[in-house]
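For reference, final-v5.cif (mmCIF, C-alpha atoms):
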```
data_query
#
loop_
_atom_site.label_atom_id
_atom_site.label_comp_id
_atom_site.auth_asym_id
_atom_site.auth_seq_id
_atom_site.Cartn_x
_atom_site.Cartn_y
_atom_site.Cartn_z
CA MET V 16 67.89 17.16 47.12
CA GLY V 17 67.50 17.06 43.33
CA ILE V 18 66.19 13.48 43.41
CA ALA V 19 63.70 14.37 46.18
CA VAL V 20 62.39 17.34 44.19
CA LYS V 21 62.02 15.17 41.11
CA PHE V 22 60.16 12.57 43.17
CA ILE V 23 57.76 15.17 44.56
CA ASP V 24 57.26 16.63 41.09
CA ALA V 25 56.55 13.15 39.78
CA CYS V 26 54.01 12.59 42.60
CA PHE V 27 52.24 15.84 41.70
CA PHE V 28 52.30 15.08 37.99
CA ILE V 29 50.87 11.56 38.42
CA GLY V 30 48.46 12.79 41.12
CA SER V 31 46.94 15.18 38.58
CA GLY V 32 45.35 12.05 37.09
CA LEU V 33 43.42 11.39 40.31
CA SER V 34 40.41 13.47 39.24
CA VAL V 35 39.95 11.32 36.11
CA THR V 36 40.31 8.11 38.14
CA PHE V 37 37.75 9.35 40.71
CA PHE V 38 35.40 10.56 38.02
CA LEU V 39 35.48 7.15 36.32
CA LEU V 40 35.06 5.33 39.62
CA LEU V 41 32.10 7.42 40.77
CA GLY V 42 30.42 7.46 37.35
CA GLY V 43 30.93 3.72 36.96
CA LEU V 44 29.59 3.13 40.48
CA VAL V 45 26.44 5.18 39.95
CA ILE V 46 25.61 3.37 36.70
CA GLY V 47 26.73 -0.02 38.05
CA LEU V 48 24.75 0.24 41.28
CA THR V 49 21.58 1.64 39.73
CA LEU V 50 21.52 -0.79 36.82
CA GLY V 51 22.67 -3.68 39.02
CA ILE V 52 19.79 -3.18 41.47
CA ILE V 53 17.24 -2.79 38.66
CA LEU V 54 18.48 -5.93 36.88
CA ALA V 55 18.54 -7.99 40.10
CA VAL V 56 15.00 -6.93 41.07
CA LEU V 57 13.63 -7.54 37.56
CA ARG V 58 15.32 -10.93 37.46
CA TYR V 59 13.88 -11.84 40.87
CA LYS V 60 10.43 -10.79 39.67
CA ASN V 61 10.90 -12.98 36.58
CA ILE V 62 10.78 -10.05 34.17
CA GLY V 63 13.13 -10.53 31.20
CA ARG V 64 14.96 -13.22 33.14
CA GLN V 65 16.62 -14.87 30.13
CA LEU V 66 17.65 -11.57 28.59
CA ILE V 67 19.15 -10.31 31.86
CA ALA V 68 20.97 -13.61 32.43
CA ARG V 69 22.48 -13.31 28.91
CA TYR V 70 23.48 -9.66 29.50
CA ILE V 71 25.25 -10.61 32.73
CA SER V 72 26.89 -13.63 31.13
CA ILE V 73 28.24 -11.62 28.15
CA LEU V 74 29.55 -8.73 30.25
CA ARG V 75 31.22 -11.04 32.72
CA GLY V 76 32.44 -13.38 29.98
CA THR V 77 34.31 -10.88 27.79
CA PRO V 78 37.40 -8.80 28.61
CA MET V 79 36.86 -5.34 30.06
CA LEU V 80 39.37 -3.97 27.55
CA LEU V 81 37.29 -5.33 24.68
CA GLN V 82 34.12 -3.74 26.07
CA LEU V 83 35.88 -0.41 26.53
CA SER V 84 37.28 -0.53 22.98
CA LEU V 85 33.87 -1.45 21.57
CA ILE V 86 32.19 1.48 23.28
CA TYR V 87 34.92 4.00 22.41
CA PHE V 88 35.94 2.90 18.91
CA ALA V 89 33.40 0.53 17.37
CA ILE V 90 29.93 1.69 18.44
CA PRO V 91 30.49 5.40 17.65
CA THR V 92 31.66 4.40 14.17
CA LEU V 93 28.52 2.34 13.63
CA LEU V 94 26.17 4.98 15.01
CA GLY V 95 28.04 7.95 13.60
CA LEU V 96 28.60 9.72 16.90
CA GLN V 97 31.71 10.58 18.85
CA LEU V 98 32.04 9.86 22.58
CA SER V 99 34.61 11.54 24.78
CA VAL V 100 37.13 9.27 26.50
CA LEU V 101 35.51 9.94 29.89
CA THR V 102 31.94 9.30 28.69
CA ALA V 103 32.99 6.08 26.99
CA GLY V 104 34.90 5.05 30.11
CA ILE V 105 32.03 5.75 32.49
CA PHE V 106 29.60 3.80 30.29
CA ALA V 107 31.98 0.89 29.82
CA PHE V 108 32.93 0.59 33.49
CA GLY V 109 29.34 1.22 34.61
CA LEU V 110 27.83 -1.42 32.32
CA ASN V 111 30.53 -3.96 33.18
CA SER V 112 30.12 -3.29 36.90
CA SER V 113 26.32 -3.55 36.62
CA ALA V 114 26.69 -7.21 35.62
CA TYR V 115 28.73 -7.99 38.75
CA MET V 116 26.50 -5.81 40.94
CA ALA V 117 23.39 -7.56 39.61
CA GLU V 118 24.83 -10.92 40.68
CA ILE V 119 25.81 -9.59 44.11
CA PHE V 120 22.33 -8.12 44.62
CA ARG V 121 20.69 -11.31 43.34
CA ALA V 122 22.53 -13.30 46.01
CA GLY V 123 21.50 -10.73 48.64
CA ILE V 124 17.85 -10.75 47.60
CA GLU V 125 17.74 -14.54 47.54
CA SER V 126 19.24 -14.69 51.04
CA THR V 127 16.43 -12.46 52.39
CA PRO V 128 13.74 -14.66 53.98
CA GLN V 129 10.61 -15.06 51.85
CA GLY V 130 8.67 -14.22 55.03
CA GLN V 131 9.85 -10.60 54.79
CA PHE V 132 8.11 -10.22 51.42
CA GLU V 133 5.04 -11.94 52.87
CA ALA V 134 5.02 -9.75 56.00
CA ALA V 135 5.10 -6.66 53.78
CA LYS V 136 2.26 -8.06 51.67
CA VAL V 137 0.17 -8.87 54.74
CA LEU V 138 0.64 -5.30 55.99
CA GLY V 139 -0.54 -3.95 52.64
CA ILE V 140 2.81 -2.32 51.80
CA SER V 141 3.18 -1.51 48.08
CA SER V 142 5.76 -3.30 45.94
CA LEU V 143 7.85 -0.12 45.59
CA HIS V 144 7.96 0.50 49.36
CA THR V 145 8.58 -3.20 50.03
CA TRP V 146 11.70 -3.08 47.90
CA LYS V 147 12.86 0.37 48.90
CA ASP V 148 12.27 0.25 52.65
CA ILE V 149 12.05 -3.44 53.61
CA ILE V 150 14.10 -5.64 51.28
CA LEU V 151 16.94 -3.50 49.88
CA PRO V 152 18.13 -2.14 53.26
CA GLN V 153 18.51 -5.74 54.44
CA VAL V 154 20.17 -6.73 51.17
CA PHE V 155 22.66 -3.85 51.42
CA ARG V 156 23.69 -4.94 54.88
CA ALA V 157 24.13 -8.56 53.80
CA ILE V 158 26.15 -7.77 50.67
CA PHE V 159 28.22 -4.91 52.05
CA PRO V 160 31.56 -6.80 52.04
CA ALA V 161 30.96 -8.07 48.49
CA LEU V 162 29.98 -4.57 47.40
CA THR V 163 33.23 -3.19 48.81
CA GLY V 164 35.12 -5.81 46.83
CA GLU V 165 33.36 -4.70 43.65
CA VAL V 166 34.19 -1.03 44.30
CA ILE V 167 37.87 -1.95 44.69
CA ALA V 168 37.78 -4.08 41.53
CA LEU V 169 36.17 -1.21 39.64
CA LEU V 170 38.81 1.23 40.87
CA LYS V 171 41.60 -1.01 39.59
CA GLU V 172 39.84 -1.53 36.25
CA THR V 173 39.66 2.22 35.64
CA ALA V 174 43.38 1.98 34.84
CA LEU V 175 42.31 0.54 31.47
CA ILE V 176 41.16 4.03 30.43
CA ALA V 177 44.86 4.68 29.71
CA THR V 178 44.55 2.39 26.66
CA ILE V 179 42.16 4.83 24.95
CA GLY V 180 44.05 7.92 26.05
CA GLY V 181 42.32 8.85 29.30
CA ALA V 182 44.65 10.97 31.45
CA ASP V 183 44.19 9.00 34.69
CA LEU V 184 46.80 7.92 37.26
CA MET V 185 48.02 5.07 35.07
CA ARG V 186 48.31 7.17 31.92
CA LYS V 187 50.15 9.95 33.75
CA SER V 188 52.67 7.47 35.11
CA GLN V 189 53.20 6.06 31.59
CA VAL V 190 53.76 9.57 30.22
CA LEU V 191 56.34 10.25 32.88
CA ALA V 192 58.00 6.88 32.30
CA ALA V 193 58.25 7.53 28.56
CA GLU V 194 59.66 11.01 29.14
CA TYR V 195 62.44 9.92 31.48
CA PHE V 196 62.94 6.37 30.13
CA THR V 197 62.46 4.99 33.62
CA TYR V 198 59.49 2.87 34.60
CA PHE V 199 60.08 1.82 38.18
CA THR V 200 59.48 5.08 40.05
CA PRO V 201 56.43 6.39 38.08
CA LEU V 202 54.68 3.01 38.18
CA CYS V 203 55.41 2.63 41.91
CA ILE V 204 53.99 6.11 42.56
CA ALA V 205 50.83 5.22 40.59
CA GLY V 206 50.65 1.96 42.55
CA LEU V 207 50.89 3.85 45.84
CA TYR V 208 48.06 6.15 44.78
CA TYR V 209 45.84 3.18 43.90
CA TYR V 210 46.70 1.37 47.10
CA ALA V 211 46.01 4.49 49.19
CA ILE V 212 42.54 4.79 47.62
CA VAL V 213 41.91 1.07 48.26
CA LEU V 214 42.93 1.50 51.92
CA PHE V 215 40.59 4.50 52.17
CA VAL V 216 37.69 2.52 50.64
CA GLU V 217 38.35 -0.45 52.94
CA ASN V 218 38.50 1.81 55.98
CA LEU V 219 35.32 3.64 55.02
CA SER V 220 33.59 0.32 54.36
CA ARG V 221 34.58 -1.05 57.79
CA LYS V 222 33.25 2.08 59.49
CA LEU V 223 29.99 1.96 57.57
CA GLU V 224 29.64 -1.75 58.30
CA ARG V 225 30.17 -1.14 62.03
CA ARG V 226 27.60 1.65 61.95
CA LEU V 227 25.09 -0.64 60.21
CA ASP V 228 25.76 -3.37 62.77
CA ARG V 229 25.35 -0.97 65.67
CA ALA V 230 22.01 0.10 64.27
CA HIS V 231 20.79 -3.45 63.95
CA HIS V 232 22.12 -5.20 67.04
CA MET U 13 -17.32 -12.72 59.18
CA LEU U 14 -15.47 -15.43 57.24
CA THR U 15 -16.85 -18.07 54.92
CA ILE U 16 -14.69 -20.84 53.50
CA ASP U 17 -16.53 -22.74 50.82
CA HIS U 18 -15.27 -26.11 49.52
CA VAL U 19 -11.63 -25.03 49.44
CA CYS U 20 -9.00 -27.36 47.99
CA LYS U 21 -5.26 -26.69 47.83
CA THR U 22 -2.55 -28.86 46.33
CA PHE U 23 1.23 -28.42 46.27
CA GLY U 24 2.51 -30.49 43.35
CA THR U 25 1.04 -33.93 43.90
CA HIS U 26 0.45 -33.35 47.62
CA THR U 27 -3.10 -32.33 48.54
CA VAL U 28 -2.98 -30.13 51.63
CA LEU U 29 -6.61 -28.97 51.92
CA ARG U 30 -9.53 -31.15 50.82
CA ASP U 31 -12.97 -29.63 50.42
CA VAL U 32 -12.76 -27.47 53.54
CA CYS U 33 -16.00 -25.68 54.47
CA LEU U 34 -16.05 -23.36 57.47
CA GLN U 35 -17.69 -20.27 58.86
CA ILE U 36 -16.40 -17.97 61.56
CA ASP U 37 -18.80 -15.53 63.23
CA ARG U 38 -17.78 -12.06 64.35
CA GLY U 39 -16.15 -12.08 67.78
CA CYS U 40 -15.49 -15.82 67.69
CA VAL U 41 -12.09 -17.29 68.55
CA LEU U 42 -11.53 -20.37 66.43
CA GLY U 43 -8.78 -22.82 67.29
CA LEU U 44 -7.27 -24.86 64.46
CA ALA U 45 -5.75 -27.99 65.92
CA GLY U 46 -3.81 -30.91 64.53
CA PRO U 47 -0.22 -32.08 64.27
CA SER U 48 2.25 -30.44 61.88
CA GLY U 49 1.59 -31.04 58.20
CA GLU U 50 -2.18 -31.40 58.47
CA GLY U 51 -2.93 -28.12 56.68
CA LYS U 52 -3.48 -25.60 59.51
CA SER U 53 -0.92 -23.06 58.33
CA THR U 54 -1.90 -23.50 54.69
CA LEU U 55 -5.53 -22.78 55.58
CA LEU U 56 -4.52 -19.57 57.36
CA ARG U 57 -2.26 -18.57 54.47
CA CYS U 58 -5.13 -19.16 52.02
CA ILE U 59 -7.45 -16.99 54.15
CA GLN U 60 -4.82 -14.24 54.17
CA GLY U 61 -4.23 -14.54 50.42
CA LEU U 62 -0.60 -15.65 50.71
CA GLU U 63 -1.60 -18.81 48.84
CA THR U 64 -4.15 -19.10 46.04
CA VAL U 65 -6.76 -21.83 46.38
CA ASP U 66 -7.13 -24.43 43.62
CA SER U 67 -10.91 -24.57 43.94
CA GLY U 68 -13.63 -23.23 46.21
CA SER U 69 -13.77 -19.73 47.63
CA ILE U 70 -12.91 -17.72 50.72
CA THR U 71 -14.94 -14.64 51.57
CA CYS U 72 -14.05 -12.33 54.40
CA ALA U 73 -16.05 -9.28 55.41
CA GLY U 74 -13.27 -7.00 56.53
CA ARG U 75 -9.54 -6.59 56.87
CA VAL U 76 -7.42 -9.58 57.80
CA GLY U 77 -4.33 -9.38 60.04
CA PHE U 78 -1.72 -12.11 60.16
CA MET U 79 0.82 -13.11 62.80
CA PHE U 80 3.58 -15.30 61.45
CA GLN U 81 4.93 -18.27 63.35
CA ASP U 82 8.41 -16.71 63.23
CA PHE U 83 7.02 -13.14 63.59
CA GLN U 84 8.86 -11.81 60.53
CA LEU U 85 9.61 -8.47 62.14
CA PHE U 86 11.72 -6.16 59.97
CA PRO U 87 15.23 -6.52 61.47
CA HIS U 88 16.50 -3.10 60.38
CA MET U 89 13.60 -1.25 62.01
CA SER U 90 13.09 -0.49 65.68
CA VAL U 91 10.05 -1.78 67.57
CA LEU U 92 8.21 1.50 67.00
CA GLU U 93 9.14 1.60 63.30
CA ASN U 94 7.98 -1.99 62.87
CA VAL U 95 4.60 -1.10 64.33
CA LEU U 96 4.10 2.28 62.65
CA TYR U 97 5.70 1.83 59.24
CA ALA U 98 2.69 0.35 57.41
CA PRO U 99 -0.04 2.55 58.96
CA LEU U 100 2.02 5.73 58.43
CA LEU U 101 2.38 4.88 54.75
CA ARG U 102 -1.40 4.87 54.45
CA ALA U 103 -2.09 7.85 56.66
CA LYS U 104 -2.81 10.90 54.54
CA GLY U 105 -2.29 14.19 56.31
CA LYS U 106 -0.87 15.17 59.67
CA ILE U 107 -4.02 14.38 61.67
CA ALA U 108 -4.17 10.81 60.34
CA GLN U 109 -0.45 10.37 61.05
CA LYS U 110 -0.88 11.67 64.60
CA THR U 111 -3.80 9.27 65.14
CA CYS U 112 -1.60 6.40 63.89
CA MET U 113 1.20 7.31 66.24
CA GLU U 114 -1.18 7.60 69.18
CA LYS U 115 -2.67 4.22 68.36
CA GLY U 116 0.81 2.67 68.09
CA GLU U 117 1.81 4.18 71.42
CA GLU U 118 -1.38 2.99 73.08
CA LEU U 119 -0.91 -0.54 71.76
CA LEU U 120 2.74 -0.75 72.78
CA LYS U 121 1.87 0.56 76.24
CA HIS U 122 -0.97 -1.94 76.50
CA LEU U 123 1.44 -4.73 75.53
CA ASP U 124 4.08 -3.43 77.91
CA MET U 125 6.52 -2.72 75.07
CA TRP U 126 6.61 1.08 75.08
CA GLY U 127 9.80 1.13 77.14
CA LEU U 128 11.50 -1.03 74.48
CA ARG U 129 10.23 0.97 71.50
CA ASN U 130 13.73 1.95 70.31
CA ARG U 131 15.14 -1.57 70.50
CA TYR U 132 15.69 -3.69 67.40
CA PRO U 133 14.11 -7.16 66.97
CA GLN U 134 17.49 -8.88 67.56
CA GLN U 135 17.55 -7.33 71.02
CA LEU U 136 14.19 -8.82 72.05
CA SER U 137 13.16 -12.14 73.56
CA GLY U 138 10.71 -14.45 71.78
CA GLY U 139 7.78 -13.23 73.88
CA GLN U 140 8.67 -9.59 73.27
CA LYS U 141 8.94 -10.20 69.52
CA GLN U 142 5.54 -11.81 69.67
CA ARG U 143 4.05 -8.73 71.30
CA VAL U 144 5.60 -6.48 68.67
CA ALA U 145 4.20 -8.72 65.93
CA LEU U 146 0.80 -8.53 67.59
CA ALA U 147 0.98 -4.75 67.89
CA ARG U 148 2.04 -4.53 64.23
CA SER U 149 -1.05 -6.54 63.23
CA LEU U 150 -3.48 -4.79 65.57
CA VAL U 151 -2.43 -1.25 64.68
CA LEU U 152 -4.08 -1.77 61.28
CA ASN U 153 -7.43 -2.51 63.00
CA PRO U 154 -7.99 -5.97 61.52
CA ASP U 155 -11.51 -7.40 61.63
CA LEU U 156 -10.06 -10.89 61.69
CA LEU U 157 -6.69 -11.80 63.21
CA LEU U 158 -4.96 -14.97 62.05
CA CYS U 159 -2.25 -16.39 64.32
CA ASP U 160 0.01 -19.16 63.07
CA GLU U 161 1.48 -21.22 65.94
CA PRO U 162 1.69 -18.29 68.36
CA THR U 163 3.18 -20.44 71.12
CA SER U 164 5.92 -22.23 69.20
CA GLY U 165 9.37 -21.73 70.66
CA LEU U 166 8.12 -20.03 73.83
CA ASP U 167 8.96 -21.12 77.36
CA VAL U 168 6.29 -21.62 80.04
CA ALA U 169 6.46 -18.05 81.37
CA MET U 170 6.17 -16.58 77.90
CA LEU U 171 3.38 -19.00 77.07
CA SER U 172 1.24 -17.68 79.94
CA ASP U 173 1.98 -14.14 78.68
CA VAL U 174 0.68 -15.04 75.23
CA VAL U 175 -2.41 -16.69 76.69
CA ALA U 176 -3.12 -13.57 78.76
CA LEU U 177 -2.56 -11.40 75.69
CA LEU U 178 -4.94 -13.40 73.51
CA HIS U 179 -7.46 -13.48 76.35
CA SER U 180 -7.44 -9.70 76.50
CA LEU U 181 -8.05 -9.59 72.74
CA ARG U 182 -10.90 -12.03 73.15
CA GLU U 183 -12.48 -9.83 75.79
CA GLU U 184 -12.32 -6.98 73.28
CA HIS U 185 -14.33 -9.22 70.90
CA THR U 186 -11.54 -9.54 68.32
CA THR U 187 -12.34 -12.29 65.82
CA MET U 188 -9.42 -14.68 65.67
CA ALA U 189 -8.35 -17.93 64.03
CA ILE U 190 -5.43 -19.51 65.83
CA ALA U 191 -3.50 -22.47 64.47
CA SER U 192 -1.62 -24.54 67.03
CA HIS U 193 -0.58 -28.10 67.65
CA ASP U 194 -0.91 -27.40 71.39
CA LEU U 195 -4.43 -28.52 72.38
CA SER U 196 -4.21 -27.38 76.00
CA PHE U 197 -3.31 -23.86 74.80
CA LEU U 198 -6.21 -23.77 72.32
CA VAL U 199 -8.66 -24.96 74.97
CA GLN U 200 -7.75 -21.95 77.13
CA ILE U 201 -8.55 -19.33 74.53
CA SER U 202 -10.93 -20.76 71.91
CA ASP U 203 -14.72 -20.61 71.59
CA ARG U 204 -14.60 -23.41 69.09
CA ILE U 205 -11.93 -25.86 67.98
CA ILE U 206 -11.55 -27.51 64.62
CA ILE U 207 -9.27 -30.49 64.16
CA LEU U 208 -7.68 -30.83 60.75
CA ARG U 209 -6.55 -34.23 59.58
CA ARG U 210 -5.00 -34.77 56.16
CA GLY U 211 -6.46 -31.47 55.01
CA CYS U 212 -10.04 -32.29 56.04
CA ILE U 213 -12.06 -31.05 59.01
CA ALA U 214 -12.12 -34.16 61.18
CA ALA U 215 -13.91 -32.54 64.14
CA ASP U 216 -15.64 -29.24 64.87
CA ILE U 217 -16.41 -28.90 68.56
CA GLY U 218 -17.69 -26.28 70.96
CA PRO U 219 -16.56 -25.60 74.55
CA GLU U 220 -19.04 -28.11 75.99
CA ARG U 221 -17.02 -30.92 74.41
CA PHE U 222 -13.52 -29.53 75.03
CA GLY U 223 -13.09 -32.16 77.75
CA ASP U 224 -13.28 -34.90 75.10
CA LEU U 225 -10.53 -33.34 73.00
CA PRO U 226 -7.51 -35.35 74.23
CA GLN U 227 -9.37 -38.61 73.67
CA LEU U 228 -10.63 -37.44 70.29
CA ALA U 229 -7.16 -36.33 69.21
CA SER U 230 -5.56 -39.61 70.23
CA SER U 231 -8.24 -41.58 68.36
CA LEU U 232 -7.64 -39.45 65.24
CA PHE U 233 -3.86 -39.34 65.30
CA GLY U 234 -2.99 -42.41 67.31
#
```
What is this structure when it is put down as structure tokens?
Amino acid sequence: MGIAVKFIDACFFIGSGLSVTFFLLLGGLVIGLTLGIILAVLRYKNIGRQLIARYISILRGTPMLLQLSLIYFAIPTLLGLQLSVLTAGIFAFGLNSSAYMAEIFRAGIESTPQGQFEAAKVLGISSLHTWKDIILPQVFRAIFPALTGEVIALLKETALIATIGGADLMRKSQVLAAEYFTYFTPLCIAGLYYYAIVLFVENLSRKLERRLDRAHH
Amino acid sequence: MLTIDHVCKTFGTHTVLRDVCLQIDRGCVLGLAGPSGEGKSTLLRCIQGLETVDSGSITCAGRVGFMFQDFQLFPHMSVLENVLYAPLLRAKGKIAQKTCMEKGEELLKHLDMWGLRNRYPQQLSGGQKQRVALARSLVLNPDLLLCDEPTSGLDVAMLSDVVALLHSLREEHTTMAIASHDLSFLVQISDRIIILRRGCIAADIGPERFGDLPQLASSLFG
């Protein structure tokens, strides 16, 4: 009985870090998706191509932990401002994800037949509407599985927020482990939480994918 | 209606159009004949503005509509959305939008596609896709309709459908330029046929000489 109570208490304690994990995931996704789409479209239109390619290369070529530390510790020192752990985390995960998203969207855009752009041009559809209503809906459908993969990767990366003191699932499990000098149970509970979210994301993605397919076939 | 004046077009080192001069009068149906790679599609794409010409000029008095060889319907939109999307974007106000929708409905009914208006392009046959592409072009009231290989990939039954469709447009005095490698098809619907060979106009003939076309084509292309 005592062990079961402790286990449930531990689940609640670690679960209190869920809000931080979700906040980081959603914030990172919003920035990553928005910036990723903008970068991919600009790159396709040959605007700042070299600069964007370098940005993507640097963000994909350096450790996430380094980027997070730079944004939380180094840049505020240089600029003389203080960022909260959550703000720094959202920016770091969002910017890092934008590099991967930009590459996913680039592949999606390039796989869209050139004729679709031409058909829109022939019909006198503006560039904004061409992208918004003609190209991007097709791109989304094509890259949906890759996008799901990126969401899952982002979720797992949010665990790095624990290194700068963010009270997420990972950090909560570490606190509990340090308090009771036992690592196995708290880490397994955190792992179960992460895996449950991943299963939820995968399930949601499959349903959305089926709905998209039903609409198009 | 359309004046093409000494137009040249090169892709890299390959010259596709050489000094092409041509005029199309209002209401005329012009057939562009010749085997693949002789410049028919490029000429249509230059008229539409999908390609820029290297020299010469193209002047068109009015709006140009274009039907792609592979239709290029928007796969995530239904038949009705494909037809109405572009005109509804332009329509300002409820009356203009209602007019657009009525025109779309009328066209789809005329083309016998109204019953399939909620289907998606993947659910249509080649001939049905063609009709949607035609409705999508016609709903914008083009003064000149360009058709690139409208019969490619169609079986005999669908081919006669397309011929009937283009005939009905001809009777409505729609100005058209139709590129096809199928001479017998062009003979059925054209007022005038131009044969392109290596990017030049090798022959420009009226209906009185359509009977000579097979012989002329074999002498030109072997």
Handout entry: Selection: 12 Å around Met79 of chain U, only C-alpha atoms, excl. self and same-chain fewer than 3 positions, as a PyMOL selection string
Key = (chain V and resi 130+133-135+137-138) or (chain U and resi 53+56-57+60+76+82-85+141-150+154+156-163+188-191)
Handout entry: Residue neighbourhood Gly32 of chain V, 9 Å, only C-alpha atoms, exclusion window fewer than 2 positions, as number ranges by chain
Key = V: 28-30, 34-37, 181-188
Let me see the file: selected residues, C-alpha atoms, as an mmCIF file, in the frame of the given file.
```cif
data_model
loop_
_atom_site.group_PDB
_atom_site.id
_atom_site.type_symbol
_atom_site.label_atom_id
_atom_site.label_comp_id
_atom_site.auth_asym_id
_atom_site.auth_seq_id
_atom_site.Cartn_x
_atom_site.Cartn_y
_atom_site.Cartn_z
ATOM 1 C CA PHE V 28 52.300 15.080 37.990
ATOM 2 C CA ILE V 29 50.870 11.560 38.420
ATOM 3 C CA GLY V 30 48.460 12.790 41.120
ATOM 4 C CA SER V 34 40.410 13.470 39.240
ATOM 5 C CA VAL V 35 39.950 11.320 36.110
ATOM 6 C CA THR V 36 40.310 8.110 38.140
ATOM 7 C CA PHE V 37 37.750 9.350 40.710
ATOM 8 C CA GLY V 181 42.320 8.850 29.300
ATOM 9 C CA ALA V 182 44.650 10.970 31.450
ATOM 10 C CA ASP V 183 44.190 9.000 34.690
ATOM 11 C CA LEU V 184 46.800 7.920 37.260
ATOM 12 C CA MET V 185 48.020 5.070 35.070
ATOM 13 C CA ARG V 186 48.310 7.170 31.920
ATOM 14 C CA LYS V 187 50.150 9.950 33.750
ATOM 15 C CA SER V 188 52.670 7.470 35.110
#
```
Would you give me, as an mmCIF file with C-alpha atoms, in the frame of the given file, the residues of chain V that come within 10 Å of chain U, using all atoms listed in the file?
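In the end it all went to selection-v3.cif:
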```cif
data_model
loop_
_atom_site.group_PDB
_atom_site.id
_atom_site.type_symbol
_atom_site.label_atom_id
_atom_site.label_comp_id
_atom_site.auth_asym_id
_atom_site.auth_seq_id
_atom_site.Cartn_x
_atom_site.Cartn_y
_atom_site.Cartn_z
ATOM 1 C CA PRO V 128 13.740 -14.660 53.980
ATOM 2 C CA GLN V 129 10.610 -15.060 51.850
ATOM 3 C CA GLY V 130 8.670 -14.220 55.030
ATOM 4 C CA GLN V 131 9.850 -10.600 54.790
ATOM 5 C CA PHE V 132 8.110 -10.220 51.420
ATOM 6 C CA GLU V 133 5.040 -11.940 52.870
ATOM 7 C CA ALA V 134 5.020 -9.750 56.000
ATOM 8 C CA ALA V 135 5.100 -6.660 53.780
ATOM 9 C CA LYS V 136 2.260 -8.060 51.670
ATOM 10 C CA VAL V 137 0.170 -8.870 54.740
ATOM 11 C CA LEU V 138 0.640 -5.300 55.990
ATOM 12 C CA GLY V 139 -0.540 -3.950 52.640
ATOM 13 C CA ILE V 140 2.810 -2.320 51.800
ATOM 14 C CA SER V 141 3.180 -1.510 48.080
ATOM 15 C CA HIS V 144 7.960 0.500 49.360
ATOM 16 C CA ASP V 148 12.270 0.250 52.650
ATOM 17 C CA ILE V 149 12.050 -3.440 53.610
ATOM 18 C CA ILE V 150 14.100 -5.640 51.280
ATOM 19 C CA PRO V 152 18.130 -2.140 53.260
ATOM 20 C CA GLN V 153 18.510 -5.740 54.440
ATOM 21 C CA ARG V 156 23.690 -4.940 54.880
ATOM 22 C CA LEU V 227 25.090 -0.640 60.210
ATOM 23 C CA ASP V 228 25.760 -3.370 62.770
ATOM 24 C CA ALA V 230 22.010 0.100 64.270
ATOM 25 C CA HIS V 231 20.790 -3.450 63.950
ATOM 26 C CA HIS V 232 22.120 -5.200 67.040
#
```
Practice task
Mind giving me the straight-line distance from atom CA of Gln82 of chain V to atom CA of Leu175 of chain V in Å, one decimal?
Solution key: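 Between these atoms lies a distance of 10.7 Å.
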Exercise for the section: Compare U:Asp167, U:Asp194, U:Asp17, U:Asp66 by their minimum atom-to-atom distance to Gly139 of chain U, counting all atoms listed in the file, and give me the closest one. Expected result: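 Among U:Asp167, U:Asp194, U:Asp17, U:Asp66, it is U:Asp167 that comes nearest to Gly139 of chain U.
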Exercise for the section: Find the residues near His18 of chain U: any atom within 10 Å, counting only C-alpha atoms, skip ones fewer than 4 places away on the same chain, and give them as an NGL selection string. Expected result: :U and (29-34 or 67-70)
Exercise for the section: Check what the PyMOL selection byres ((chain V and resi 43-52) around 12) selects in the file above and give those residues as a ChimeraX atom specification. Expected result: /V:35-42,53-59,67,70-71,101-124,146-147,150-152,154-155,162-163,165-173
Practice task
Determine, counting all atoms listed in the file, which protein, DNA and RNA residues have an atom within 8 Å of an atom of Ala192 of chain V; residues of the same chain fewer than 4 positions away are not included. Present the result as a PyMOL selection string.
Solution key: chain V and resi 188+196-198+201-202
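Put simply, the PyMOL selection byres ((chain U and resi 174) around 10) in this file takes in Gly139, Gln140, Gln142, Arg143, Pro162, Thr163, Leu166, Val168, Ala169, Met170, Leu171, Ser172, Asp173, Val175, Ala176, Leu177, Leu178, His179, Ser180 and Phe197 of chain U.
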Handout entry: the PyMOL selection byres ((chain U and resi 115) around 12) applied to the shown file, residues as a list in words
Key =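 In the shown coordinates, the PyMOL selection byres ((chain U and resi 115) around 12) covers Leu92, Val95, Leu96, Pro99, Leu100, Ala108, Gln109, Lys110, Thr111, Cys112, Met113, Glu114, Gly116, Glu117, Glu118, Leu119, Leu120, Lys121, His122, Trp126, Ala147, Arg148, Leu150, Val151, Leu152 and Asn153 of chain U.
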Practice task
Using atom CA of Thr200 of chain V and atom CA of Asp24 of chain V as the two end points, give the distance in Å to one decimal.
Solution key: 11.8 Å
Exercise for the section: Considering all atoms listed in the file, state which residue in the set U:Ile107, U:Thr27, U:Ser164, U:Gly51 is at the smallest distance from Arg209 of chain U. Expected result: U:Gly51
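If you measure from each of V:Ser99, V:Leu81, V:Phe159, V:Glu194 to Arg225 of chain V using all atoms listed in the file, the closest one turns out to be V:Phe159.
Taking atom CA of Phe215 of chain V as the reference point, atom CA of Ala161 of chain V is found at 16.3 Å.
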